[in-house]
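Source file: query-v6.pdb (PDB, C-alpha atoms)
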```
ATOM      1  CA  MET A1289     -36.946  54.010  29.899
ATOM      2  CA  THR A1290     -33.518  54.427  28.716
ATOM      3  CA  LYS A1291     -32.526  56.674  31.582
ATOM      4  CA  LYS A1292     -34.136  54.335  34.132
ATOM      5  CA  ASP A1293     -32.289  51.394  32.812
ATOM      6  CA  ASP A1294     -29.078  53.361  32.758
ATOM      7  CA  HIS A1295     -29.611  54.454  36.345
ATOM      8  CA  LYS A1296     -30.132  50.893  37.550
ATOM      9  CA  SER A1297     -27.062  49.842  35.715
ATOM     10  CA  ASN A1298     -25.064  52.550  37.429
ATOM     11  CA  GLU A1299     -26.392  51.542  40.850
ATOM     12  CA  ALA A1300     -25.445  47.987  40.252
ATOM     13  CA  SER A1301     -21.988  49.105  39.190
ATOM     14  CA  GLU A1302     -21.593  51.207  42.338
ATOM     15  CA  ASP A1303     -22.741  48.316  44.549
ATOM     16  CA  LYS A1304     -20.103  46.053  43.016
ATOM     17  CA  THR A1305     -17.384  48.522  43.773
ATOM     18  CA  LEU A1306     -18.559  49.017  47.373
ATOM     19  CA  LYS A1307     -19.054  45.348  48.306
ATOM     20  CA  LYS A1308     -15.960  43.117  48.528
ATOM     21  CA  PRO A1309     -16.595  39.475  47.898
ATOM     22  CA  LYS A1310     -15.522  36.974  50.583
ATOM     23  CA  ILE A1311     -12.577  34.855  49.426
ATOM     24  CA  THR A1312     -12.174  31.539  51.215
ATOM     25  CA  GLY A1313      -8.815  29.728  50.729
ATOM     26  CA  LYS A1314      -9.001  25.920  51.115
ATOM     27  CA  THR A1315      -6.078  23.553  51.337
ATOM     28  CA  LEU A1316      -6.023  20.020  49.938
ATOM     29  CA  TRP A1317      -6.679  18.680  53.407
ATOM     30  CA  ASP A1318      -9.717  20.978  53.756
ATOM     31  CA  ILE A1319     -11.149  19.654  50.513
ATOM     32  CA  ILE A1320     -10.483  16.070  51.580
ATOM     33  CA  GLY A1321     -12.087  16.810  54.948
ATOM     34  CA  ASP A1322     -15.223  18.185  53.288
ATOM     35  CA  LEU A1323     -15.425  15.151  50.991
ATOM     36  CA  PHE A1324     -14.828  12.811  53.917
ATOM     37  CA  ALA A1325     -17.696  14.413  55.816
ATOM     38  CA  LYS A1326     -20.015  13.818  52.865
ATOM     39  CA  LYS A1327     -18.743  10.481  51.463
ATOM     40  CA  PRO A1328     -16.228   8.868  53.859
ATOM     41  CA  THR A1329     -16.193   5.430  52.205
ATOM     42  CA  ILE A1330     -15.238   6.763  48.784
ATOM     43  CA  VAL A1331     -12.481   8.962  50.256
ATOM     44  CA  VAL A1332     -10.931   6.100  52.236
ATOM     45  CA  ILE A1333     -10.951   3.763  49.222
ATOM     46  CA  THR A1334      -9.430   6.449  46.969
ATOM     47  CA  LEU A1335      -6.640   7.338  49.441
ATOM     48  CA  PHE A1336      -5.824   3.648  49.974
ATOM     49  CA  SER A1337      -5.672   3.030  46.212
ATOM     50  CA  VAL A1338      -3.356   6.002  45.643
ATOM     51  CA  LEU A1339      -1.072   4.880  48.472
ATOM     52  CA  LEU A1340      -0.968   1.327  47.109
ATOM     53  CA  LEU A1341      -0.119   2.647  43.623
ATOM     54  CA  PHE A1342       2.773   4.698  45.015
ATOM     55  CA  LEU A1343       4.124   1.693  46.911
ATOM     56  CA  ILE A1344       3.947  -0.513  43.804
ATOM     57  CA  LEU A1345       5.784   2.092  41.709
ATOM     58  CA  ILE A1346       8.460   2.550  44.381
ATOM     59  CA  PHE A1347       9.092  -1.184  44.869
ATOM     60  CA  ALA A1348       9.074  -1.754  41.101
ATOM     61  CA  GLY A1349      11.773   0.855  40.795
ATOM     62  CA  LEU A1350       9.669   3.105  38.563
ATOM     63  CA  MET A1351       9.377   5.828  41.210
ATOM     64  CA  LYS A1352      12.126   7.216  43.392
ATOM     65  CA  PHE A1353      11.307   8.259  46.969
ATOM     66  CA  GLU A1354      13.717  10.627  48.727
ATOM     67  CA  ILE A1355      13.735  13.066  51.661
ATOM     68  CA  ILE A1356      15.888  16.086  50.834
ATOM     69  CA  ASP A1357      16.332  18.867  53.426
ATOM     70  CA  GLY A1358      13.270  17.639  55.287
ATOM     71  CA  LYS A1359      11.100  17.665  52.150
ATOM     72  CA  VAL A1360       9.651  14.586  50.492
ATOM     73  CA  SER A1361      10.638  14.114  46.856
ATOM     74  CA  LEU A1362       8.943  11.724  44.421
ATOM     75  CA  SER A1363      10.187  11.261  40.885
ATOM     76  CA  PHE A1364       9.428   8.817  38.050
ATOM     77  CA  ASP A1365      12.060   6.720  36.275
ATOM     78  CA  VAL A1366      10.238   4.913  33.448
ATOM     79  CA  ASN A1367      13.537   3.884  31.903
ATOM     80  CA  LYS A1368      14.666   2.107  35.062
ATOM     81  CA  GLN A1369      17.724  -0.049  34.394
ATOM     82  CA  PRO A1370      19.002  -3.008  36.475
ATOM     83  CA  ASP A1371      21.337  -2.140  39.338
ATOM     84  CA  ILE A1372      24.595  -2.963  37.568
ATOM     85  CA  THR A1373      26.605  -2.461  40.742
ATOM     86  CA  ASN A1374      24.559  -5.080  42.585
ATOM     87  CA  LEU A1375      24.687  -7.491  39.638
ATOM     88  CA  ASN A1376      28.461  -7.136  39.462
ATOM     89  CA  LYS A1377      28.656  -7.774  43.207
ATOM     90  CA  ILE A1378      26.684 -11.027  42.894
ATOM     91  CA  TYR A1379      28.766 -12.140  39.895
ATOM     92  CA  LEU A1380      32.042 -11.328  41.646
ATOM     93  CA  GLN A1381      31.012 -13.191  44.794
ATOM     94  CA  GLU A1382      30.559 -16.381  42.752
ATOM     95  CA  GLN A1383      33.779 -15.895  40.804
ATOM     96  CA  ASN A1384      35.761 -14.904  43.901
ATOM     97  CA  TRP A1385      34.927 -18.231  45.541
ATOM     98  CA  CYS A1386      36.486 -20.093  42.632
ATOM     99  CA  VAL A1387      39.499 -17.791  42.416
ATOM    100  CA  ALA A1388      40.144 -17.969  46.171
ATOM    101  CA  LYS A1389      39.902 -21.766  46.204
ATOM    102  CA  GLY A1390      42.074 -22.036  43.110
ATOM    103  CA  ILE A1391      44.795 -19.892  44.670
ATOM    104  CA  GLU A1392      44.499 -21.741  47.984
ATOM    105  CA  LEU A1393      44.996 -25.083  46.205
ATOM    106  CA  ASN A1394      47.787 -23.680  43.998
ATOM    107  CA  LYS A1395      45.924 -24.254  40.726
ATOM    108  CA  LYS A1396      47.108 -22.819  37.427
ATOM    109  CA  TYR A1397      43.505 -22.248  36.331
ATOM    110  CA  ILE A1398      39.904 -22.595  37.457
ATOM    111  CA  LEU A1399      36.912 -23.762  35.427
ATOM    112  CA  LYS A1400      34.242 -21.081  35.647
ATOM    113  CA  THR A1401      31.673 -23.262  33.891
ATOM    114  CA  ILE A1402      31.462 -26.709  32.306
ATOM    115  CA  VAL A1403      28.604 -27.737  29.994
ATOM    116  CA  GLN A1404      28.600 -31.463  29.235
ATOM    117  CA  THR A1405      26.155 -32.607  26.521
ATOM    118  CA  TYR A1406      25.165 -36.086  25.328
ATOM    119  CA  ASP A1407      23.262 -36.539  22.062
ATOM    120  CA  ALA A1408      21.936 -40.107  21.719
ATOM    121  CA  GLU A1409      20.882 -41.600  18.376
ATOM    122  CA  LEU A1410      19.870 -45.052  17.127
ATOM    123  CA  LYS A1411      21.587 -46.096  13.897
ATOM    124  CA  GLY A1412      21.772 -49.079  11.580
ATOM    125  CA  THR A1413      19.131 -50.768   9.428
ATOM    126  CA  ASN A1414      17.537 -52.398  12.470
ATOM    127  CA  LYS A1415      18.363 -49.515  14.821
ATOM    128  CA  ASP A1416      20.686 -51.870  16.665
ATOM    129  CA  THR A1417      23.490 -49.380  17.318
ATOM    130  CA  LEU A1418      23.264 -46.657  19.938
ATOM    131  CA  VAL A1419      25.611 -43.732  19.275
ATOM    132  CA  VAL A1420      26.113 -41.180  22.048
ATOM    133  CA  LYS A1421      27.984 -38.027  21.041
ATOM    134  CA  GLU A1422      29.507 -36.407  24.108
ATOM    135  CA  ARG A1423      30.741 -32.812  23.968
ATOM    136  CA  ILE A1424      32.181 -30.728  26.804
ATOM    137  CA  ILE A1425      32.561 -26.938  26.751
ATOM    138  CA  TYR A1426      34.999 -25.483  29.304
ATOM    139  CA  ASP A1427      35.201 -21.805  30.302
ATOM    140  CA  ILE A1428      38.716 -21.495  31.757
ATOM    141  CA  PHE A1429      40.127 -18.622  33.831
ATOM    142  CA  ALA A1430      43.924 -18.560  34.105
ATOM    143  CA  LEU A1431      45.431 -17.945  37.558
ATOM    144  CA  GLN A1432      48.918 -18.135  35.988
ATOM    145  CA  ASP A1433      50.265 -17.689  32.452
ATOM    146  CA  ILE A1434      49.593 -20.813  30.371
ATOM    147  CA  THR A1435      51.323 -21.584  27.069
ATOM    148  CA  LYS A1436      50.827 -24.201  24.353
ATOM    149  CA  VAL A1437      54.067 -26.001  25.244
ATOM    150  CA  GLN A1438      52.787 -26.933  28.715
ATOM    151  CA  ASP A1439      51.066 -30.243  29.492
ATOM    152  CA  ILE A1440      48.521 -28.780  31.913
ATOM    153  CA  PHE A1441      44.986 -29.566  30.750
ATOM    154  CA  LYS A1442      44.427 -33.338  30.590
ATOM    155  CA  GLU A1443      41.283 -34.798  29.034
ATOM    156  CA  GLY A1444      40.007 -38.368  28.901
ATOM    157  CA  TYR A1445      37.049 -40.349  27.514
ATOM    158  CA  SER A1446      36.500 -44.044  28.208
ATOM    159  CA  SER A1447      33.861 -46.779  28.455
ATOM    160  CA  ASN A1448      33.913 -50.392  29.596
ATOM    161  CA  VAL A1449      30.761 -51.160  27.569
ATOM    162  CA  ALA A1450      31.036 -49.339  24.217
ATOM    163  CA  PHE A1451      32.487 -51.432  21.367
ATOM    164  CA  LYS A1452      34.084 -48.291  19.916
ATOM    165  CA  VAL A1453      35.079 -44.849  21.237
ATOM    166  CA  GLU A1454      36.111 -42.209  18.695
ATOM    167  CA  ARG A1455      37.840 -39.033  19.823
ATOM    168  CA  TRP A1456      36.181 -35.896  18.458
ATOM    169  CA  PHE A1457      38.813 -33.271  17.682
ATOM    170  CA  GLY A1458      37.978 -30.070  19.540
ATOM    171  CA  SER A1459      38.744 -26.376  19.376
ATOM    172  CA  GLU A1460      42.417 -26.487  20.457
ATOM    173  CA  ARG A1461      45.490 -28.566  19.633
ATOM    174  CA  GLU A1462      45.444 -32.011  21.275
ATOM    175  CA  LYS A1463      48.351 -34.310  22.130
ATOM    176  CA  PRO A1464      47.739 -38.016  23.030
ATOM    177  CA  LEU A1465      49.124 -38.967  26.420
ATOM    178  CA  HIS A1466      50.401 -42.282  25.067
ATOM    179  CA  MET A1467      51.105 -43.263  21.467
ATOM    180  CA  GLY A1468      48.379 -45.534  20.122
ATOM    181  CA  ASN A1469      45.911 -44.563  22.863
ATOM    182  CA  GLU A1470      43.720 -41.605  21.966
ATOM    183  CA  SER A1471      41.292 -41.870  24.900
ATOM    184  CA  THR A1472      43.499 -39.671  27.130
ATOM    185  CA  TYR A1473      45.309 -36.585  25.887
ATOM    186  CA  TYR A1474      46.508 -33.079  26.700
ATOM    187  CA  VAL A1475      44.840 -29.966  25.320
ATOM    188  CA  HIS A1476      47.303 -27.165  24.557
ATOM    189  CA  PHE A1477      46.360 -23.479  24.576
ATOM    190  CA  ASP A1478      47.679 -20.006  25.345
ATOM    191  CA  CYS A1479      46.054 -17.925  28.080
ATOM    192  CA  LYS A1480      47.496 -15.009  30.052
ATOM    193  CA  GLN A1481      47.010 -14.715  33.796
ATOM    194  CA  GLY A1482      43.655 -13.064  34.545
ATOM    195  CA  GLU A1483      42.219 -13.900  31.097
ATOM    196  CA  SER A1484      39.671 -16.489  29.991
ATOM    197  CA  ILE A1485      39.492 -18.996  27.171
ATOM    198  CA  THR A1486      36.688 -21.305  26.044
ATOM    199  CA  LEU A1487      37.588 -24.711  24.647
ATOM    200  CA  MET A1488      35.641 -27.778  23.551
ATOM    201  CA  THR A1489      36.440 -31.486  23.547
ATOM    202  CA  GLY A1490      34.423 -34.599  22.778
ATOM    203  CA  ALA A1491      34.079 -38.258  21.829
ATOM    204  CA  ASP A1492      31.538 -40.543  20.133
ATOM    205  CA  PHE A1493      30.537 -43.787  21.895
ATOM    206  CA  TYR A1494      29.126 -46.795  19.968
ATOM    207  CA  TYR A1495      27.036 -49.464  21.756
ATOM    208  CA  THR A1496      25.170 -52.585  20.685
ATOM    209  CA  TYR A1497      21.473 -51.862  21.239
ATOM    210  CA  PRO A1498      19.559 -52.925  23.278
ATOM    211  CA  LEU A1499      22.176 -52.726  25.991
ATOM    212  CA  LYS A1500      22.858 -55.774  28.150
ATOM    213  CA  SER A1501      21.343 -56.104  31.610
ATOM    214  CA  GLY A1502      23.610 -56.499  34.616
ATOM    215  CA  ARG A1503      26.253 -54.070  33.361
ATOM    216  CA  HIS A1504      28.500 -52.977  36.210
ATOM    217  CA  SER A1505      29.308 -49.307  36.836
ATOM    218  CA  PRO A1506      32.285 -48.364  39.014
ATOM    219  CA  PHE A1507      30.275 -45.372  40.230
ATOM    220  CA  ARG A1508      28.781 -46.678  43.516
ATOM    221  CA  GLU A1509      28.948 -50.232  42.153
ATOM    222  CA  TYR A1510      25.672 -49.913  40.251
ATOM    223  CA  ASN A1511      24.293 -52.851  38.223
ATOM    224  CA  LEU A1512      22.308 -51.425  35.320
ATOM    225  CA  ASN A1513      19.328 -52.848  33.431
ATOM    226  CA  SER A1514      19.133 -52.884  29.636
ATOM    227  CA  ASN A1515      17.097 -49.643  29.641
ATOM    228  CA  GLU A1516      19.423 -47.778  32.012
ATOM    229  CA  ASP A1517      22.724 -45.991  31.689
ATOM    230  CA  LEU A1518      24.995 -43.843  33.826
ATOM    231  CA  TRP A1519      27.095 -40.923  32.606
ATOM    232  CA  ILE A1520      29.773 -39.679  34.964
ATOM    233  CA  TYR A1521      31.905 -36.580  35.460
ATOM    234  CA  PRO A1522      34.684 -37.617  37.869
ATOM    235  CA  ASN A1523      36.316 -34.365  38.975
ATOM    236  CA  GLU A1524      39.755 -35.360  40.191
ATOM    237  CA  GLU A1525      41.623 -32.091  40.504
ATOM    238  CA  ASP A1526      39.717 -28.978  39.344
ATOM    239  CA  VAL A1527      37.956 -26.096  41.075
ATOM    240  CA  ILE A1528      34.685 -25.556  39.191
ATOM    241  CA  GLY A1529      32.158 -22.745  39.431
ATOM    242  CA  LYS A1530      29.265 -24.613  37.787
ATOM    243  CA  LEU A1531      28.819 -27.970  36.083
ATOM    244  CA  THR A1532      25.817 -28.735  33.857
ATOM    245  CA  MET A1533      25.120 -32.176  32.369
ATOM    246  CA  ILE A1534      22.393 -32.674  29.752
ATOM    247  CA  TRP A1535      21.459 -35.948  27.983
ATOM    248  CA  ALA A1536      19.088 -35.655  25.009
ATOM    249  CA  SER A1537      17.686 -37.790  22.200
ATOM    250  CA  TYR A1538      15.164 -37.818  19.364
ATOM    251  CA  ASP A1539      15.155 -41.628  19.309
ATOM    252  CA  ILE A1540      15.182 -42.667  22.966
ATOM    253  CA  LYS A1541      12.026 -41.886  24.944
ATOM    254  CA  LEU A1542      13.118 -41.055  28.480
ATOM    255  CA  GLN A1543      11.369 -42.376  31.560
ATOM    256  CA  SER A1544      11.247 -39.994  34.519
ATOM    257  CA  ILE A1545      12.886 -41.299  37.716
ATOM    258  CA  SER A1546      13.652 -39.573  41.004
ATOM    259  CA  GLY A1547      17.015 -39.007  42.676
ATOM    260  CA  ASN A1548      18.979 -39.463  39.449
ATOM    261  CA  ALA A1549      21.233 -36.362  39.714
ATOM    262  CA  LEU A1550      24.029 -38.064  41.642
ATOM    263  CA  HIS A1551      26.731 -36.309  43.641
ATOM    264  CA  THR A1552      29.374 -37.798  45.931
ATOM    265  CA  TYR A1553      31.868 -35.761  47.930
ATOM    266  CA  THR A1554      34.410 -36.435  50.667
ATOM    267  CA  ASN A1555      34.036 -35.099  54.218
ATOM    268  CA  GLY A1556      37.118 -36.136  56.106
ATOM    269  CA  LYS A1557      37.405 -39.838  55.299
ATOM    270  CA  ALA A1558      33.701 -40.359  54.703
ATOM    271  CA  LYS A1559      32.067 -40.444  51.285
ATOM    272  CA  ILE A1560      28.768 -38.558  51.367
ATOM    273  CA  ASN A1561      26.030 -38.883  48.752
ATOM    274  CA  ASP A1562      24.087 -35.718  48.006
ATOM    275  CA  ASP A1563      21.549 -36.761  45.365
ATOM    276  CA  ARG A1564      18.504 -34.959  44.013
ATOM    277  CA  ASP A1565      16.042 -35.027  41.125
ATOM    278  CA  ALA A1566      17.165 -34.062  37.638
ATOM    279  CA  PHE A1567      15.113 -31.858  35.302
ATOM    280  CA  TYR A1568      13.163 -33.497  32.476
ATOM    281  CA  ASN A1569      12.306 -31.422  29.423
ATOM    282  CA  PHE A1570       9.825 -32.700  26.842
ATOM    283  CA  ASP A1571       6.387 -31.897  25.467
ATOM    284  CA  GLU A1572       3.997 -34.721  24.593
ATOM    285  CA  ASN A1573       1.974 -32.340  22.392
ATOM    286  CA  SER A1574       4.948 -31.088  20.390
ATOM    287  CA  GLN A1575       5.793 -32.374  16.903
ATOM    288  CA  ASN A1576       9.427 -32.207  17.983
ATOM    289  CA  ASN A1577      10.293 -35.644  19.399
ATOM    290  CA  ASN A1578      13.364 -34.465  21.284
ATOM    291  CA  ASN A1579      13.447 -35.012  25.044
ATOM    292  CA  SER A1580      16.180 -34.360  27.594
ATOM    293  CA  VAL A1581      17.238 -34.732  31.206
ATOM    294  CA  SER A1582      19.708 -32.406  32.903
ATOM    295  CA  ALA A1583      21.209 -31.305  36.218
ATOM    296  CA  SER A1584      23.558 -28.574  37.473
ATOM    297  CA  TRP A1585      25.863 -28.192  40.464
ATOM    298  CA  LYS A1586      27.847 -25.213  41.805
ATOM    299  CA  ASN A1587      31.060 -24.555  43.772
ATOM    300  CA  ILE A1588      32.849 -27.835  43.124
ATOM    301  CA  LEU A1589      36.162 -28.937  44.620
ATOM    302  CA  PRO A1590      38.618 -31.709  43.628
ATOM    303  CA  ASP A1591      37.587 -35.334  44.330
ATOM    304  CA  GLU A1592      33.869 -34.697  43.861
ATOM    305  CA  GLN A1593      32.005 -37.009  41.489
ATOM    306  CA  PHE A1594      28.829 -36.347  39.542
ATOM    307  CA  ALA A1595      26.585 -38.532  37.408
ATOM    308  CA  LEU A1596      23.277 -38.599  35.540
ATOM    309  CA  LYS A1597      21.356 -41.847  35.726
ATOM    310  CA  ILE A1598      19.315 -42.332  32.550
ATOM    311  CA  LYS A1599      16.307 -44.586  32.129
ATOM    312  CA  TRP A1600      14.093 -45.030  29.071
ATOM    313  CA  HIS A1601      10.987 -47.012  28.128
ATOM    314  CA  GLU A1602      11.749 -50.681  27.411
ATOM    315  CA  GLN A1603      10.116 -50.766  23.972
ATOM    316  CA  THR A1604      11.776 -47.584  22.691
ATOM    317  CA  LYS A1605      11.675 -47.346  18.896
ATOM    318  CA  ARG A1606      12.753 -44.582  16.618
ATOM    319  CA  LEU A1607      10.293 -41.831  17.557
ATOM    320  CA  SER A1608      10.475 -40.035  14.222
ATOM    321  CA  GLN A1609       8.975 -43.012  12.348
TER     322      GLN A1609
END
```
What would you get if you wrote out this structure as structure tokens?
Amino acid sequence: MTKKDDHKSNEASEDKTLKKPKITGKTLWDIIGDLFAKKPTIVVITLFSVLLLFLILIFAGLMKFEIIDGKVSLSFDVNKQPDITNLNKIYLQEQNWCVAKGIELNKKYILKTIVQTYDAELKGTNKDTLVVKERIIYDIFALQDITKVQDIFKEGYSSNVAFKVERWFGSEREKPLHMGNESTYYVHFDCKQGESITLMTGADFYYTYPLKSGRHSPFREYNLNSNEDLWIYPNEEDVIGKLTMIWASYDIKLQSISGNALHTYTNGKAKINDDRDAFYNFDENSQNNNNSVSASWKNILPDEQFALKIKWHEQTKRLSQ
């Protein structure tokens, strides 16, 4: 038995050495072809899904697709960063418009951005005084050297309705234009050519509340109701990259109106109105009673005028009570 078994084992061993197994090499396409022949629907769906995934990764910037020396190269970049070069290009295009216009008009500076805020509050025992605190933040870019001894930057705050206007002293030295009149003044600062400086000015306006109906505004000769007001930025001489105006209050409940972001510019001898809707920001479900209305404009030239028309509910009371 032992010898028989050994003999069979030897025969099997010899057969293995004599017979060469057939080796069939299959490419990826062969395998896909075989699968397609058996289950075409599944293969088509799988290939489409893989292709869609690659396209999403490429367009999202997470995968890089290149053809190098006739060969396709795919690589992942999970730490993809924004294209700084492109961002700089966009930023410079906006700034270059201001700089070019400033130089063309022989300006000593341009205003890259202006943010004009109004914070309205009801005061007094009977809430019969409306106080509006106006603040303006300027981001200035010097086209020429500017020194503190020069009367270059003129600021002014005024109202034909408020019973009192108090100048708020800002971030730089201020010099009244006329003795005894603090509503118009120069702001003095140092800034080298090609450098920027940020400065802030402001004033507090006091009104008897409710306001009177029939108040006249020199801006487009408006007559305002007791629950309306108009806040103006009359740009007389500056080149401005962007102007933002925002009026907010905890005490005054704003009423949404259309076409209240007002803009007037000159085309030849004609005055053209280019108005649009402002943005209202409030949440009826929030415990925070603040609400605001705002608007922004870009690429502004001298002699353009801007205004926010404000309207609130007639029976406005202090919301925090």
For region 1392-1430 of chain A against region 1571-1590 of chain A, with a cut-off of 10 Å and counting all atoms listed in the file, what is the closest atom pair and its distance in Å to one decimal for every residue that makes the cut, ordered by chain and number, as JSON lines?
```
{"residue": "A:Leu1393", "atom": "CA", "partner": "A:Pro1590", "partner_atom": "CA", "distance": 9.6}
{"residue": "A:Leu1399", "atom": "CA", "partner": "A:Ile1588", "partner_atom": "CA", "distance": 9.6}
{"residue": "A:Lys1400", "atom": "CA", "partner": "A:Asn1587", "partner_atom": "CA", "distance": 9.4}
{"residue": "A:Thr1401", "atom": "CA", "partner": "A:Lys1586", "partner_atom": "CA", "distance": 9.0}
{"residue": "A:Ile1402", "atom": "CA", "partner": "A:Ser1584", "partner_atom": "CA", "distance": 9.6}
{"residue": "A:Val1403", "atom": "CA", "partner": "A:Ser1584", "partner_atom": "CA", "distance": 9.1}
{"residue": "A:Gln1404", "atom": "CA", "partner": "A:Ser1582", "partner_atom": "CA", "distance": 9.7}
{"residue": "A:Thr1405", "atom": "CA", "partner": "A:Ser1582", "partner_atom": "CA", "distance": 9.1}
{"residue": "A:Tyr1406", "atom": "CA", "partner": "A:Ser1580", "partner_atom": "CA", "distance": 9.4}
{"residue": "A:Asp1407", "atom": "CA", "partner": "A:Ser1580", "partner_atom": "CA", "distance": 9.2}
```
Point-to-point distance from CA of Glu1443 (chain A) to CA of Ile1424 (chain A), Å rounded to tenths: 10.2 Å
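The gap separating CA of Leu1512 (chain A) from CA of Tyr1553 (chain A) is 22.3 Å, in Å to one decimal.
When only C-alpha atoms are used to compute distances to Ile1540 (chain A), the closest of the residues A:Gln1438, A:Thr1486, A:Thr1413, A:Asn1515 turns out to be A:Asn1515.
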Can you list what the PyMOL selection byres ((chain A and resi 1527) around 10) grabs from this structure, as a compact mmCIF listing (two decimals) with C-alpha atoms, in the coordinates of the input?
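Output file selection35.txt follows:
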```txt
# COMPACT_ATOMS: atom_id res chain seq x y z
CA TRP A 1385 34.93 -18.23 45.54
CA CYS A 1386 36.49 -20.09 42.63
CA VAL A 1387 39.50 -17.79 42.42
CA ALA A 1388 40.14 -17.97 46.17
CA LYS A 1389 39.90 -21.77 46.20
CA GLY A 1390 42.07 -22.04 43.11
CA ILE A 1391 44.80 -19.89 44.67
CA LEU A 1393 45.00 -25.08 46.20
CA LYS A 1395 45.92 -24.25 40.73
CA TYR A 1397 43.50 -22.25 36.33
CA ILE A 1398 39.90 -22.60 37.46
CA LEU A 1399 36.91 -23.76 35.43
CA LYS A 1400 34.24 -21.08 35.65
CA THR A 1401 31.67 -23.26 33.89
CA ASN A 1523 36.32 -34.36 38.98
CA GLU A 1524 39.76 -35.36 40.19
CA GLU A 1525 41.62 -32.09 40.50
CA ASP A 1526 39.72 -28.98 39.34
CA ILE A 1528 34.68 -25.56 39.19
CA GLY A 1529 32.16 -22.74 39.43
CA LYS A 1530 29.26 -24.61 37.79
CA ASN A 1587 31.06 -24.56 43.77
CA ILE A 1588 32.85 -27.84 43.12
CA LEU A 1589 36.16 -28.94 44.62
CA PRO A 1590 38.62 -31.71 43.63
CA ASP A 1591 37.59 -35.33 44.33
CA GLU A 1592 33.87 -34.70 43.86
```
The PyMOL selection byres ((chain A and resi 1562) around 10) resolved against shown file, as a PyMOL selection string: chain A and resi 1547+1549-1553+1559-1561+1563-1564+1594
Which of A:Glu1422, A:Asp1565, A:Asp1439, A:Asp1322 sits closest to Leu1465 (chain A) [using all atoms listed in the file]: A:Asp1439
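Considering all atoms listed in the file, the residue among A:Tyr1473, A:Tyr1445, A:Leu1531, A:Ala1325 positioned nearest to Tyr1426 (chain A) is A:Leu1531.
Reported to one decimal place, the separation of CA of Asn1384 (chain A) from CA of Gly1458 (chain A) is 28.8 Å.
The shortest atom-to-atom distance to Leu1542 (chain A), with only C-alpha atoms taken into account, belongs to A:Trp1600 out of A:Phe1429, A:Phe1477, A:Phe1567, A:Trp1600.
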Picked residues, the PyMOL selection byres ((chain A and resi 1447) around 12), as a PyMOL selection string: chain A and resi 1420+1444-1446+1448-1454+1471+1491-1495+1503-1506+1517-1520
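Across A:Asn1555, A:Pro1328, A:Ile1485, A:Cys1479, the tightest approach to Asp1427 (chain A) is made by A:Ile1485 when counting only C-alpha atoms.
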Selected residue of minimal separation from Lys1599 (chain A) among A:His1476, A:Asp1318, A:Glu1516, A:Ala1558, counting all atoms listed in the file: A:Glu1516
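The shell of residues at most 9 Å from Ile1440 (chain A), with only C-alpha atoms counted and near chain neighbours (fewer than 5 positions) removed, consists of A:Lys1396, A:Ile1434, A:Tyr1474, A:Val1475, A:His1476.
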Using only the atoms of region 1419-1438 of chain A listed in the file, plus 8 Å on each side, state the axis-aligned box centre and edge lengths in Å rounded to one decimal, as AutoDock Vina command-line options.
```
--center_x 39.8 --center_y -30.7 --center_z 28.4 --size_x 44.5 --size_y 42.0 --size_z 34.3
```
Can you put N, CA and C atoms back into region 1561-1571 of chain A and show it as an mmCIF file, in the coordinates of the input?
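Written out: out_3.cif:
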```cif
data_model
loop_
_atom_site.group_PDB
_atom_site.id
_atom_site.type_symbol
_atom_site.label_atom_id
_atom_site.label_comp_id
_atom_site.auth_asym_id
_atom_site.auth_seq_id
_atom_site.Cartn_x
_atom_site.Cartn_y
_atom_site.Cartn_z
ATOM 1 N N ASN A 1561 26.856 -39.002 49.953
ATOM 2 C CA ASN A 1561 26.030 -38.883 48.752
ATOM 3 C C ASN A 1561 25.019 -37.753 48.939
ATOM 4 N N ASP A 1562 24.997 -36.867 47.960
ATOM 5 C CA ASP A 1562 24.087 -35.718 48.006
ATOM 6 C C ASP A 1562 23.295 -35.703 46.704
ATOM 7 N N ASP A 1563 22.287 -36.567 46.608
ATOM 8 C CA ASP A 1563 21.549 -36.761 45.365
ATOM 9 C C ASP A 1563 20.259 -35.939 45.356
ATOM 10 N N ARG A 1564 19.774 -35.670 44.157
ATOM 11 C CA ARG A 1564 18.504 -34.959 44.013
ATOM 12 C C ARG A 1564 17.899 -35.307 42.656
ATOM 13 N N ASP A 1565 16.717 -34.754 42.395
ATOM 14 C CA ASP A 1565 16.042 -35.027 41.125
ATOM 15 C C ASP A 1565 16.640 -34.193 40.001
ATOM 16 N N ALA A 1566 16.746 -34.794 38.835
ATOM 17 C CA ALA A 1566 17.165 -34.062 37.638
ATOM 18 C C ALA A 1566 15.939 -33.401 37.012
ATOM 19 N N PHE A 1567 16.192 -32.575 35.985
ATOM 20 C CA PHE A 1567 15.113 -31.858 35.302
ATOM 21 C C PHE A 1567 14.838 -32.523 33.960
ATOM 22 N N TYR A 1568 13.569 -32.893 33.742
ATOM 23 C CA TYR A 1568 13.163 -33.497 32.476
ATOM 24 C C TYR A 1568 12.489 -32.440 31.609
ATOM 25 N N ASN A 1569 12.844 -32.439 30.330
ATOM 26 C CA ASN A 1569 12.306 -31.422 29.423
ATOM 27 C C ASN A 1569 11.773 -32.096 28.161
ATOM 28 N N PHE A 1570 10.454 -32.165 28.046
ATOM 29 C CA PHE A 1570 9.825 -32.700 26.842
ATOM 30 C C PHE A 1570 8.371 -32.251 26.824
ATOM 31 N N ASP A 1571 7.768 -32.322 25.649
ATOM 32 C CA ASP A 1571 6.387 -31.897 25.467
ATOM 33 C C ASP A 1571 5.666 -32.956 24.644
#
```
